[in-house]
>>> print(open('coords-v9.csv').read())   # CSV, C-alpha atoms
chain,number,residue,atom,x,y,z
A,1,MET,CA,216.1,-85.2,-55.6
A,2,LEU,CA,219.2,-87.3,-54.9
A,3,ARG,CA,218.4,-87.5,-51.1
A,4,LYS,CA,215.0,-89.0,-51.9
A,5,ILE,CA,216.4,-91.9,-53.8
A,6,GLU,CA,216.7,-94.9,-51.5
A,7,ALA,CA,220.2,-96.3,-51.2
A,8,LYS,CA,220.8,-99.8,-49.8
A,9,VAL,CA,224.2,-101.1,-48.6
A,10,LEU,CA,225.0,-104.7,-48.1
A,11,ILE,CA,227.7,-105.8,-45.6
A,12,VAL,CA,228.9,-109.4,-45.4
A,13,ASP,CA,231.0,-110.9,-42.6
A,14,ASP,CA,230.9,-114.1,-40.7
A,15,LEU,CA,231.6,-112.4,-37.3
A,16,PRO,CA,228.7,-110.5,-35.7
A,17,GLU,CA,231.0,-108.0,-34.0
A,18,ASN,CA,232.5,-107.0,-37.3
A,19,LEU,CA,229.0,-106.5,-38.8
A,20,LEU,CA,228.1,-104.4,-35.8
A,21,ALA,CA,231.2,-102.3,-36.0
A,22,LEU,CA,230.8,-101.7,-39.7
A,23,ARG,CA,227.1,-100.8,-39.4
A,24,SER,CA,227.9,-98.3,-36.7
A,25,LEU,CA,230.3,-96.5,-39.1
A,26,ILE,CA,228.1,-96.4,-42.2
A,27,GLN,CA,224.5,-96.2,-40.8
A,28,SER,CA,222.8,-93.0,-41.6
A,29,GLU,CA,219.2,-91.6,-42.2
A,30,ASP,CA,219.7,-91.5,-46.0
A,31,ARG,CA,220.7,-95.2,-46.4
A,32,THR,CA,219.6,-98.7,-45.4
A,33,VAL,CA,222.1,-101.3,-44.3
A,34,PHE,CA,221.5,-105.0,-44.8
A,35,GLU,CA,223.7,-107.6,-43.0
A,36,ALA,CA,224.6,-111.1,-44.0
A,37,ASN,CA,226.9,-113.5,-42.1
A,38,SER,CA,227.5,-115.9,-45.0
A,39,ALA,CA,227.8,-115.8,-48.7
A,40,ASP,CA,224.6,-117.8,-49.1
A,41,ASP,CA,222.6,-115.3,-47.0
A,42,ALA,CA,224.2,-112.5,-49.1
A,43,LEU,CA,223.1,-114.1,-52.4
A,44,SER,CA,219.5,-114.3,-51.1
A,45,LEU,CA,219.6,-110.6,-50.3
A,46,LEU,CA,221.3,-109.6,-53.5
A,47,LEU,CA,218.5,-111.3,-55.5
A,48,GLU,CA,215.8,-109.6,-53.5
A,49,HIS,CA,217.1,-106.0,-53.3
A,50,GLU,CA,218.9,-103.5,-55.4
A,51,PHE,CA,222.1,-102.4,-53.7
A,52,ALA,CA,224.1,-99.3,-54.1
A,53,LEU,CA,227.2,-101.0,-52.7
A,54,ALA,CA,228.4,-104.3,-51.3
A,55,ILE,CA,231.1,-104.5,-48.6
A,56,LEU,CA,232.5,-108.1,-48.4
A,57,ASP,CA,234.8,-109.6,-45.9
A,58,VAL,CA,237.5,-111.6,-47.8
A,59,LYS,CA,238.0,-114.5,-45.3
A,60,MET,CA,234.7,-116.3,-44.5
A,61,PRO,CA,234.1,-120.0,-44.0
A,62,GLY,CA,232.6,-121.8,-46.9
A,63,MET,CA,232.5,-119.4,-49.8
A,64,ASN,CA,235.0,-116.6,-49.3
A,65,GLY,CA,234.6,-112.9,-50.4
A,66,PHE,CA,236.4,-113.4,-53.7
A,67,GLU,CA,234.2,-116.3,-54.7
A,68,LEU,CA,231.1,-114.4,-53.8
A,69,ALA,CA,232.2,-111.4,-55.9
A,70,GLU,CA,232.8,-113.7,-58.9
A,71,LEU,CA,229.3,-115.1,-58.6
A,72,MET,CA,228.0,-111.5,-58.4
A,73,ARG,CA,229.8,-110.5,-61.6
A,74,GLY,CA,228.4,-113.5,-63.4
A,75,THR,CA,224.8,-112.6,-62.6
A,76,GLU,CA,223.0,-109.9,-64.6
A,77,LYS,CA,221.1,-108.4,-61.7
A,78,THR,CA,224.2,-108.0,-59.5
A,79,LYS,CA,227.1,-107.6,-61.9
A,80,HIS,CA,227.1,-103.8,-61.8
A,81,ILE,CA,227.1,-103.4,-58.0
A,82,PRO,CA,230.3,-101.8,-56.7
A,83,ILE,CA,232.3,-104.1,-54.4
A,84,ILE,CA,234.6,-103.1,-51.6
A,85,PHE,CA,236.6,-105.9,-50.0
A,86,VAL,CA,237.5,-105.8,-46.3
A,87,SER,CA,240.8,-107.6,-45.5
A,88,ALA,CA,243.0,-108.1,-42.5
A,89,VAL,CA,245.9,-108.9,-44.8
A,90,GLY,CA,248.3,-106.1,-45.4
A,91,ARG,CA,248.5,-104.3,-48.7
A,92,ASP,CA,249.9,-107.3,-50.5
A,93,MET,CA,249.9,-106.7,-54.2
A,94,ASP,CA,249.1,-110.3,-55.2
A,95,TYR,CA,246.2,-110.3,-52.8
A,96,ALA,CA,245.0,-107.0,-54.3
A,97,PHE,CA,245.3,-108.3,-57.9
A,98,ARG,CA,243.1,-111.3,-57.0
A,99,GLY,CA,240.6,-108.9,-55.5
A,100,TYR,CA,240.4,-106.7,-58.6
A,101,GLU,CA,240.2,-109.8,-60.9
A,102,SER,CA,237.2,-110.9,-58.8
A,103,GLY,CA,235.5,-107.6,-59.4
A,104,ALA,CA,236.6,-105.3,-56.6
A,105,VAL,CA,236.5,-101.6,-57.1
A,106,ASP,CA,238.3,-100.8,-53.8
A,107,PHE,CA,239.8,-102.2,-50.5
A,108,LEU,CA,239.4,-101.5,-46.8
A,109,HIS,CA,242.1,-102.8,-44.6
A,110,LYS,CA,241.8,-103.7,-40.9
A,111,PRO,CA,242.0,-102.1,-38.6
A,112,LEU,CA,239.3,-99.9,-40.3
A,113,SER,CA,239.7,-96.2,-40.4
A,114,PRO,CA,236.3,-94.6,-39.6
A,115,PHE,CA,237.0,-91.6,-41.9
A,116,GLU,CA,238.1,-93.8,-44.8
A,117,VAL,CA,235.1,-96.1,-44.4
A,118,ARG,CA,232.6,-93.2,-44.3
A,119,SER,CA,234.2,-91.4,-47.2
A,120,LYS,CA,234.3,-94.4,-49.5
A,121,VAL,CA,230.8,-95.5,-48.7
A,122,ALA,CA,229.4,-91.9,-49.1
A,123,MET,CA,231.2,-91.6,-52.4
A,124,PHE,CA,229.7,-94.8,-53.8
A,125,VAL,CA,226.2,-94.1,-52.4
A,126,GLU,CA,226.3,-90.6,-54.1
A,127,LEU,CA,227.5,-92.2,-57.4
A,128,TYR,CA,224.6,-94.6,-57.1
A,129,ARG,CA,222.1,-91.8,-56.5
A,130,HIS,CA,223.4,-89.8,-59.4
A,131,ARG,CA,223.1,-92.9,-61.7
A,132,LYS,CA,219.6,-93.5,-60.5
A,133,ALA,CA,218.6,-89.9,-61.0
A,134,LEU,CA,220.1,-89.9,-64.5
A,135,SER,CA,218.3,-93.1,-65.3
A,136,MET,CA,215.0,-91.7,-64.1
A,137,GLN,CA,215.6,-88.5,-66.1
A,138,LEU,CA,216.3,-90.6,-69.1
A,139,GLU,CA,213.1,-92.6,-68.6
A,140,VAL,CA,211.2,-89.3,-68.4
A,141,VAL,CA,212.9,-88.0,-71.5
A,142,GLU,CA,212.2,-91.3,-73.3
A,143,ALA,CA,208.5,-91.3,-72.2
A,144,ALA,CA,208.2,-87.7,-73.4
A,145,ARG,CA,209.8,-88.7,-76.7
A,146,ARG,CA,207.4,-91.6,-77.1
A,147,GLU,CA,204.5,-89.3,-76.3
A,148,GLN,CA,205.7,-86.8,-78.8
A,149,GLU,CA,206.1,-89.5,-81.4
A,150,ALA,CA,202.5,-90.7,-80.7
A,151,LEU,CA,201.3,-87.1,-80.9
A,152,LEU,CA,203.2,-86.6,-84.2
A,153,THR,CA,201.7,-89.9,-85.6
A,154,GLU,CA,198.3,-88.8,-84.5
A,155,LEU,CA,198.8,-85.4,-86.1
A,156,ARG,CA,200.0,-87.0,-89.3
A,157,GLU,CA,196.9,-89.3,-89.3
A,158,THR,CA,194.6,-86.3,-88.6
A,159,GLN,CA,196.3,-84.3,-91.4
A,160,ALA,CA,195.8,-87.3,-93.8
A,161,GLU,CA,192.2,-87.5,-92.7
A,162,LEU,CA,191.7,-83.8,-93.3
A,163,GLN,CA,193.3,-84.0,-96.7
A,164,LYS,CA,191.1,-87.0,-97.5
A,165,ALA,CA,188.1,-85.1,-96.3
A,166,VAL,CA,189.0,-82.1,-98.5
A,167,GLN,CA,189.4,-84.4,-101.5
A,168,MET,CA,186.1,-86.1,-100.7
A,169,ARG,CA,184.4,-82.7,-100.4
A,170,ASP,CA,185.8,-81.6,-103.8
A,171,VAL,CA,184.8,-84.9,-105.4
A,172,PHE,CA,181.4,-84.7,-103.9
A,173,MET,CA,180.9,-81.1,-105.0
A,174,SER,CA,181.9,-82.0,-108.5
A,175,ILE,CA,179.7,-85.1,-108.7
A,176,ALA,CA,176.8,-83.4,-107.0
A,177,SER,CA,176.8,-80.4,-109.3
A,178,HIS,CA,176.9,-82.7,-112.3
A,179,GLU,CA,174.2,-85.0,-111.1
A,180,LEU,CA,171.9,-82.2,-109.9
A,181,ARG,CA,172.4,-80.4,-113.2
A,182,THR,CA,171.3,-83.3,-115.3
A,183,PRO,CA,167.6,-83.5,-114.2
A,184,LEU,CA,167.6,-79.7,-113.6
A,185,ASN,CA,168.7,-79.0,-117.2
A,186,GLY,CA,165.9,-81.3,-118.4
A,187,LEU,CA,163.3,-79.4,-116.5
A,188,ILE,CA,164.7,-76.0,-117.7
A,189,LEU,CA,164.7,-77.1,-121.3
A,190,ASP,CA,161.1,-78.4,-121.0
A,191,VAL,CA,160.0,-75.1,-119.4
A,192,GLN,CA,161.7,-73.1,-122.2
A,193,LEU,CA,160.1,-75.2,-124.9
A,194,ARG,CA,156.6,-74.8,-123.4
A,195,ARG,CA,157.0,-71.1,-123.1
A,196,LEU,CA,158.1,-70.9,-126.7
A,197,ARG,CA,155.1,-73.0,-127.8
A,198,LEU,CA,152.8,-70.7,-125.8
A,199,GLU,CA,154.4,-67.6,-127.3
A,200,GLN,CA,153.9,-69.1,-130.8
A,201,GLY,CA,150.2,-69.9,-130.0
A,202,ARG,CA,150.9,-73.6,-130.6
A,203,GLU,CA,147.9,-75.1,-128.8
A,204,ASP,CA,148.5,-78.4,-130.5
A,205,ALA,CA,151.6,-78.9,-128.4
A,206,PHE,CA,149.3,-79.1,-125.3
A,207,THR,CA,146.9,-81.9,-126.1
A,208,PRO,CA,145.9,-84.2,-123.2
A,209,GLU,CA,148.3,-86.9,-124.5
A,210,LYS,CA,151.3,-84.5,-124.7
A,211,LEU,CA,150.4,-82.9,-121.4
A,212,GLN,CA,150.5,-86.4,-119.9
A,213,GLU,CA,154.0,-87.0,-121.4
A,214,MET,CA,155.2,-83.7,-120.0
A,215,VAL,CA,153.9,-84.5,-116.5
A,216,THR,CA,155.5,-87.9,-116.6
A,217,ARG,CA,158.8,-86.5,-117.7
A,218,ASP,CA,158.6,-83.7,-115.1
A,219,GLU,CA,157.8,-86.3,-112.4
A,220,ARG,CA,160.8,-88.4,-113.4
A,221,GLN,CA,163.2,-85.4,-113.3
A,222,ILE,CA,161.8,-84.2,-109.9
A,223,ARG,CA,162.1,-87.7,-108.5
A,224,SER,CA,165.8,-87.7,-109.6
A,225,LEU,CA,166.3,-84.3,-107.9
A,226,THR,CA,164.5,-85.5,-104.8
A,227,ARG,CA,166.5,-88.7,-104.6
A,228,LEU,CA,169.8,-86.8,-104.9
A,229,ILE,CA,168.9,-84.3,-102.2
A,230,ASP,CA,167.6,-87.1,-99.9
A,231,ASP,CA,170.9,-88.9,-100.3
A,232,MET,CA,172.9,-85.8,-99.4
A,233,LEU,CA,170.7,-85.3,-96.3
A,234,ASP,CA,171.0,-88.9,-95.3
A,235,VAL,CA,174.8,-88.7,-95.4
A,236,SER,CA,174.6,-85.6,-93.1
A,237,ARG,CA,172.3,-87.5,-90.7
A,238,ILE,CA,174.6,-90.5,-90.6
A,239,ARG,CA,177.6,-88.4,-89.9
A,240,THR,CA,175.9,-86.6,-87.0
A,241,GLY,CA,174.3,-89.9,-85.7
A,242,LYS,CA,170.8,-88.6,-86.4
A,243,LEU,CA,169.6,-91.1,-89.0
A,244,SER,CA,166.0,-91.8,-88.0
A,245,VAL,CA,164.9,-95.5,-87.9
A,246,ARG,CA,161.5,-96.4,-86.5
A,247,PRO,CA,161.0,-100.2,-86.7
A,248,GLN,CA,157.5,-101.6,-86.8
A,249,PRO,CA,156.3,-105.2,-87.4
A,250,GLY,CA,156.1,-105.9,-91.1
A,251,ASP,CA,156.7,-108.5,-93.8
A,252,LEU,CA,159.8,-108.1,-96.0
A,253,GLY,CA,158.2,-110.1,-98.8
A,254,VAL,CA,155.2,-107.8,-99.0
A,255,LEU,CA,157.4,-104.8,-99.0
A,256,ALA,CA,159.6,-106.2,-101.8
A,257,ALA,CA,156.5,-106.9,-103.9
A,258,ASN,CA,155.4,-103.2,-103.4
A,259,VAL,CA,158.9,-101.9,-104.4
A,260,VAL,CA,159.0,-104.1,-107.5
A,261,GLU,CA,155.6,-102.9,-108.5
A,262,SER,CA,156.5,-99.3,-108.1
A,263,LEU,CA,159.6,-99.7,-110.3
A,264,ALA,CA,157.9,-101.9,-112.9
A,265,ALA,CA,157.4,-98.9,-115.3
A,266,GLN,CA,161.2,-98.1,-115.2
A,267,PHE,CA,162.1,-101.7,-115.9
A,268,SER,CA,159.5,-102.0,-118.7
A,269,ALA,CA,160.8,-98.8,-120.3
A,270,THR,CA,164.3,-100.3,-120.7
A,271,GLY,CA,163.0,-103.7,-121.7
A,272,CYS,CA,164.5,-105.3,-118.6
A,273,GLN,CA,162.5,-108.1,-116.9
A,274,VAL,CA,162.3,-108.3,-113.1
A,275,ASP,CA,161.1,-111.6,-111.4
A,276,LEU,CA,160.0,-111.7,-107.8
A,277,ARG,CA,159.9,-114.9,-105.7
A,278,VAL,CA,158.7,-114.9,-102.1
A,279,ASP,CA,159.2,-118.1,-100.2
A,280,GLY,CA,156.5,-117.8,-97.5
A,281,PRO,CA,156.1,-115.2,-94.7
A,282,ALA,CA,159.1,-113.0,-93.9
A,283,PRO,CA,158.3,-111.3,-90.6
A,284,VAL,CA,160.7,-108.6,-89.4
A,285,LEU,CA,160.8,-105.4,-87.4
A,286,MET,CA,161.6,-102.6,-89.8
A,287,ASP,CA,161.2,-99.0,-90.8
A,288,GLU,CA,159.3,-99.6,-94.0
A,289,PHE,CA,160.3,-96.3,-95.5
A,290,ARG,CA,164.0,-96.9,-94.9
A,291,ILE,CA,164.0,-100.6,-96.0
A,292,GLU,CA,162.0,-99.6,-99.1
A,293,GLN,CA,164.7,-97.0,-99.8
A,294,VAL,CA,167.4,-99.8,-99.6
A,295,LEU,CA,165.4,-102.2,-101.8
A,296,ALA,CA,164.7,-99.4,-104.4
A,297,ASN,CA,168.4,-98.6,-104.4
A,298,LEU,CA,169.5,-102.2,-105.0
A,299,LEU,CA,166.9,-102.6,-107.8
A,300,THR,CA,167.9,-99.4,-109.4
A,301,ASN,CA,171.5,-100.4,-109.4
A,302,ALA,CA,170.6,-103.8,-110.9
A,303,LEU,CA,168.7,-102.0,-113.6
A,304,ARG,CA,171.6,-99.6,-114.2
A,305,TYR,CA,174.4,-102.1,-114.3
A,306,GLY,CA,172.5,-105.3,-115.3
A,307,GLY,CA,173.0,-104.7,-119.0
A,308,GLY,CA,169.3,-105.1,-119.8
A,309,LYS,CA,169.3,-108.7,-118.7
A,310,PRO,CA,166.7,-110.1,-116.3
A,311,VAL,CA,166.8,-109.2,-112.6
A,312,SER,CA,165.6,-111.5,-109.9
A,313,VAL,CA,164.3,-110.7,-106.4
A,314,ARG,CA,163.9,-113.5,-103.9
A,315,VAL,CA,162.7,-113.2,-100.3
A,316,SER,CA,163.0,-116.1,-97.8
A,317,ALA,CA,163.2,-116.9,-94.1
A,318,GLU,CA,166.3,-118.8,-92.9
A,319,GLY,CA,166.2,-119.8,-89.2
A,320,ASP,CA,166.4,-116.6,-87.2
A,321,ALA,CA,167.0,-114.3,-90.2
A,322,VAL,CA,165.1,-113.0,-93.2
A,323,ARG,CA,166.9,-112.5,-96.5
A,324,ALA,CA,166.0,-110.4,-99.5
A,325,GLU,CA,168.3,-111.0,-102.6
A,326,VAL,CA,168.6,-108.8,-105.6
A,327,ARG,CA,170.5,-110.5,-108.4
A,328,ASP,CA,171.5,-109.2,-111.8
A,329,GLN,CA,173.4,-110.7,-114.7
A,330,GLY,CA,175.4,-107.6,-115.6
A,331,MET,CA,179.1,-106.6,-115.5
A,332,GLY,CA,179.8,-107.7,-112.0
A,333,ILE,CA,182.1,-106.2,-109.4
A,334,SER,CA,185.8,-107.1,-109.0
A,335,GLU,CA,186.9,-108.6,-105.6
A,336,ALA,CA,189.1,-105.5,-105.0
A,337,ASP,CA,186.1,-103.2,-105.5
A,338,GLN,CA,183.5,-105.1,-103.5
A,339,ARG,CA,184.3,-103.4,-100.2
A,340,ARG,CA,185.0,-100.1,-101.7
A,341,VAL,CA,181.5,-99.7,-103.3
A,342,PHE,CA,180.0,-99.4,-99.8
A,343,GLU,CA,182.1,-96.3,-99.0
A,344,GLN,CA,181.0,-92.7,-99.5
A,345,PHE,CA,181.3,-91.3,-103.1
A,346,GLU,CA,182.6,-94.6,-104.4
A,347,ARG,CA,181.3,-95.7,-107.8
A,348,VAL,CA,182.0,-98.6,-110.1
A,349,SER,CA,184.8,-97.4,-112.4
A,350,ASP,CA,184.8,-97.7,-116.2
A,351,SER,CA,181.3,-99.1,-116.2
A,352,GLY,CA,180.2,-97.1,-119.2
A,353,VAL,CA,176.8,-96.3,-117.6
A,354,ALA,CA,175.4,-93.2,-116.0
A,355,GLN,CA,176.4,-93.0,-112.4
A,356,GLY,CA,175.0,-91.3,-109.3
A,357,LEU,CA,176.6,-89.7,-106.3
A,358,GLY,CA,178.1,-92.9,-105.1
A,359,LEU,CA,176.1,-92.7,-101.8
A,360,GLY,CA,173.4,-95.3,-102.4
A,361,LEU,CA,175.2,-98.4,-101.1
A,362,PHE,CA,176.8,-96.4,-98.3
A,363,ILE,CA,173.5,-95.2,-97.0
A,364,SER,CA,171.8,-98.6,-97.6
A,365,GLU,CA,174.4,-100.4,-95.4
A,366,GLN,CA,174.0,-97.8,-92.6
A,367,ILE,CA,170.2,-98.3,-92.7
A,368,VAL,CA,170.4,-102.1,-92.6
A,369,GLN,CA,173.0,-102.0,-89.8
A,370,ALA,CA,170.7,-99.6,-87.8
A,371,HIS,CA,168.1,-102.5,-88.0
A,372,GLY,CA,170.6,-104.9,-86.6
A,373,GLY,CA,171.2,-106.5,-90.0
A,374,ARG,CA,173.8,-106.6,-92.7
A,375,ILE,CA,174.2,-106.3,-96.5
A,376,GLU,CA,176.1,-109.1,-98.2
A,377,LEU,CA,177.6,-108.9,-101.7
A,378,SER,CA,178.5,-111.8,-104.0
A,379,SER,CA,179.9,-110.9,-107.4
A,380,ARG,CA,182.4,-111.9,-110.1
A,381,LEU,CA,183.4,-109.8,-113.1
A,382,GLY,CA,181.2,-110.6,-116.1
A,383,GLU,CA,178.9,-112.8,-114.1
A,384,GLY,CA,176.6,-110.3,-112.4
A,385,SER,CA,176.1,-109.3,-108.7
A,386,CYS,CA,173.9,-110.4,-105.9
A,387,PHE,CA,173.2,-108.0,-103.0
A,388,SER,CA,171.4,-109.5,-100.0
A,389,ILE,CA,169.7,-107.7,-97.2
A,390,VAL,CA,169.7,-109.9,-94.0
A,391,LEU,CA,167.5,-108.8,-91.1
A,392,PRO,CA,166.6,-110.5,-87.8
A,393,ARG,CA,163.5,-112.5,-88.0
A,394,ARG,CA,160.6,-111.2,-85.8
A,395,GLY,CA,159.3,-113.7,-83.3
>>> encode(input="coords-v9.csv", output="structure tokens")
Amino acid sequence: MLRKIEAKVLIVDDLPENLLALRSLIQSEDRTVFEANSADDALSLLLEHEFALAILDVKMPGMNGFELAELMRGTEKTKHIPIIFVSAVGRDMDYAFRGYESGAVDFLHKPLSPFEVRSKVAMFVELYRHRKALSMQLEVVEAARREQEALLTELRETQAELQKAVQMRDVFMSIASHELRTPLNGLILDVQLRRLRLEQGREDAFTPEKLQEMVTRDERQIRSLTRLIDDMLDVSRIRTGKLSVRPQPGDLGVLAANVVESLAAQFSATGCQVDLRVDGPAPVLMDEFRIEQVLANLLTNALRYGGGKPVSVRVSAEGDAVRAEVRDQGMGISEADQRRVFEQFERVSDSGVAQGLGLGLFISEQIVQAHGGRIELSSRLGEGSCFSIVLPRRG
């Protein structure tokens, strides 16, 4: 591995014959030698390449070797490059001290000893290769550590999601069992009561008027069961990407009028007034069954949380969009809860009214988004809520 790491050596001398002699001593297949005949040329090479070693002649015209070394030590890119000075001066101590102060790590003295030159260069080149190999290994280790941290973070997130899924499942099972049991218990009690009347021979309990009441009550309980089951199926379809939407040309105002009419009996039974206003044609491409499902859910919520106060429905066309607003005057929704109510199994807390599975708004938003639209919510506590369906205008 060490032999594959490129090692570059810089030699600096103002005399070409000295450069040639030094190159002949240190040139080999496992290193590249760069030559410079002045300090300026050397600085250009130092900024362009990464060198394992610099061999500098001390006496050069212009900037000498000591001055070049001081510049190298003052530059971030070159300050760690080992420097060997080549000197024709004898082993003068003052001269050596100045060299070490300038940043030298060693000296070569003329006349050069081939063995000494090759040994020292080989030693520094090998040290450079070991440092580079260690640096590369550290980079690999650091990359592996970062990858492990990312995997660990992902694992923690997955674990948190799994825990949340388990909690949601438990909450769903608890809510679903309770909500399904309510209409089912009503049906069971009615069946038991009828059987008892039949066993007692009480034919007066089955007059046409009372039979009509029984049928109406049964239909209401069955609709509740059907709605709950449909909600659970829709959530499953949404999760698997199989929610079916088949848009056809239609008018949102006409559909809103039909939904209001179909729910009129429920509003009348609670004494709640519902007002419809359609401001002209509202042409859209929609799956009428699905958008009817959304409108019915918004109106049912307005009836449930509106405190018996009037509910208004308005349909209008605005530029390239069509809007259907359902506004109540009830308890309202806090700003903190306004995004949460569109999530699965989320319901308005401490409302004091009967609550469903907490799926209606989640499913409604998914349906509207599948039509290329959106649901908007405007609400303040104590001032009611306004849910708006906004769909692209056809044509």
>>> closest_residue(input="coords-v9.csv", among="A:Glu48, A:Glu147, A:Asp190, A:Glu376", to="Val215 in chain A", atoms="all atoms listed in the file")
A:Asp190
>>> atom_distance(input="coords-v9.csv", atom1="CA of Arg220 in chain A", atom2="CA of Ala265 in chain A")
11.2 Å
>>> atom_distance(input="coords-v9.csv", atom1="CA of Glu35 in chain A", atom2="CA of Ala133 in chain A")
25.8 Å
>>> atom_distance(input="coords-v9.csv", atom1="CA of Val86 in chain A", atom2="CA of Phe34 in chain A")
16.1 Å
>>> closest_residue(input="coords-v9.csv", among="A:Val341, A:Leu53, A:Met331, A:Leu112", to="Gly382 in chain A", atoms="all atoms listed in the file")
A:Met331
>>> residues_around(input="coords-v9.csv", residues="range 273-287 of chain A", least_positions_apart="3", cutoff="10 Å", atoms="only C-alpha atoms", output="MDAnalysis selection string")
chainID A and resid 244:257 260:261 263:264 267:268 270 290:293 299 302:303 308:318 321:328 367:368 370:372 391:395
>>> residues_near_point(input="coords-v9.csv", point="(239.8, -104.7, -37.8)", cutoff="10 Å", atoms="only C-alpha atoms", output="PyMOL selection string")
chain A and resi 18+21-22+86-88+108-113
>>> write_last_selection(input="coords-v9.csv", atoms="C-alpha atoms", output="PDB file, keeping the file's coordinate frame")
ATOM      1  CA  ASN A  18     232.500-107.000 -37.300  1.00  0.00           C
ATOM      2  CA  ALA A  21     231.200-102.300 -36.000  1.00  0.00           C
ATOM      3  CA  LEU A  22     230.800-101.700 -39.700  1.00  0.00           C
ATOM      4  CA  VAL A  86     237.500-105.800 -46.300  1.00  0.00           C
ATOM      5  CA  SER A  87     240.800-107.600 -45.500  1.00  0.00           C
ATOM      6  CA  ALA A  88     243.000-108.100 -42.500  1.00  0.00           C
ATOM      7  CA  LEU A 108     239.400-101.500 -46.800  1.00  0.00           C
ATOM      8  CA  HIS A 109     242.100-102.800 -44.600  1.00  0.00           C
ATOM      9  CA  LYS A 110     241.800-103.700 -40.900  1.00  0.00           C
ATOM     10  CA  PRO A 111     242.000-102.100 -38.600  1.00  0.00           C
ATOM     11  CA  LEU A 112     239.300 -99.900 -40.300  1.00  0.00           C
ATOM     12  CA  SER A 113     239.700 -96.200 -40.400  1.00  0.00           C
TER      13      SER A 113
END
>>> closest_residue(input="coords-v9.csv", among="A:Glu219, A:Glu142, A:Asp40, A:Glu6", to="Ser28 in chain A", atoms="only C-alpha atoms")
A:Glu6
>>> decode(input="coords-v9.csv", residues="range 249-263 of chain A", atoms="N, CA and C atoms", output="CSV table (one decimal), in the first residue's frame")
chain,number,residue,atom,x,y,z
A,249,PRO,N,-66.5,15.2,-15.1
A,249,PRO,CA,-67.0,16.5,-15.0
A,249,PRO,C,-68.3,16.6,-14.1
A,250,GLY,N,-68.3,17.6,-13.3
A,250,GLY,CA,-69.4,17.8,-12.4
A,250,GLY,C,-69.4,19.2,-11.9
A,251,ASP,N,-70.5,19.5,-11.0
A,251,ASP,CA,-70.6,20.9,-10.5
A,251,ASP,C,-70.6,20.7,-8.9
A,252,LEU,N,-69.6,21.4,-8.3
A,252,LEU,CA,-69.5,21.3,-6.9
A,252,LEU,C,-70.7,21.8,-6.1
A,253,GLY,N,-71.3,22.9,-6.7
A,253,GLY,CA,-72.5,23.5,-6.0
A,253,GLY,C,-73.7,22.5,-6.0
A,254,VAL,N,-73.9,21.8,-7.2
A,254,VAL,CA,-75.0,20.9,-7.2
A,254,VAL,C,-74.7,19.7,-6.2
A,255,LEU,N,-73.5,19.2,-6.2
A,255,LEU,CA,-73.2,18.2,-5.2
A,255,LEU,C,-73.4,18.6,-3.8
A,256,ALA,N,-73.0,19.8,-3.5
A,256,ALA,CA,-73.1,20.3,-2.1
A,256,ALA,C,-74.6,20.4,-1.7
A,257,ALA,N,-75.4,20.8,-2.7
A,257,ALA,CA,-76.9,20.9,-2.4
A,257,ALA,C,-77.4,19.5,-2.1
A,258,ASN,N,-77.0,18.5,-2.9
A,258,ASN,CA,-77.5,17.1,-2.7
A,258,ASN,C,-77.1,16.6,-1.3
A,259,VAL,N,-75.8,16.9,-0.9
A,259,VAL,CA,-75.3,16.5,0.4
A,259,VAL,C,-76.1,17.1,1.5
A,260,VAL,N,-76.3,18.4,1.4
A,260,VAL,CA,-77.1,19.2,2.5
A,260,VAL,C,-78.5,18.6,2.6
A,261,GLU,N,-79.1,18.3,1.4
A,261,GLU,CA,-80.5,17.7,1.4
A,261,GLU,C,-80.5,16.3,2.1
A,262,SER,N,-79.4,15.5,1.8
A,262,SER,CA,-79.4,14.2,2.4
A,262,SER,C,-79.2,14.2,3.9
A,263,LEU,N,-78.6,15.2,4.4
A,263,LEU,CA,-78.3,15.3,5.9
A,263,LEU,C,-79.3,16.2,6.6
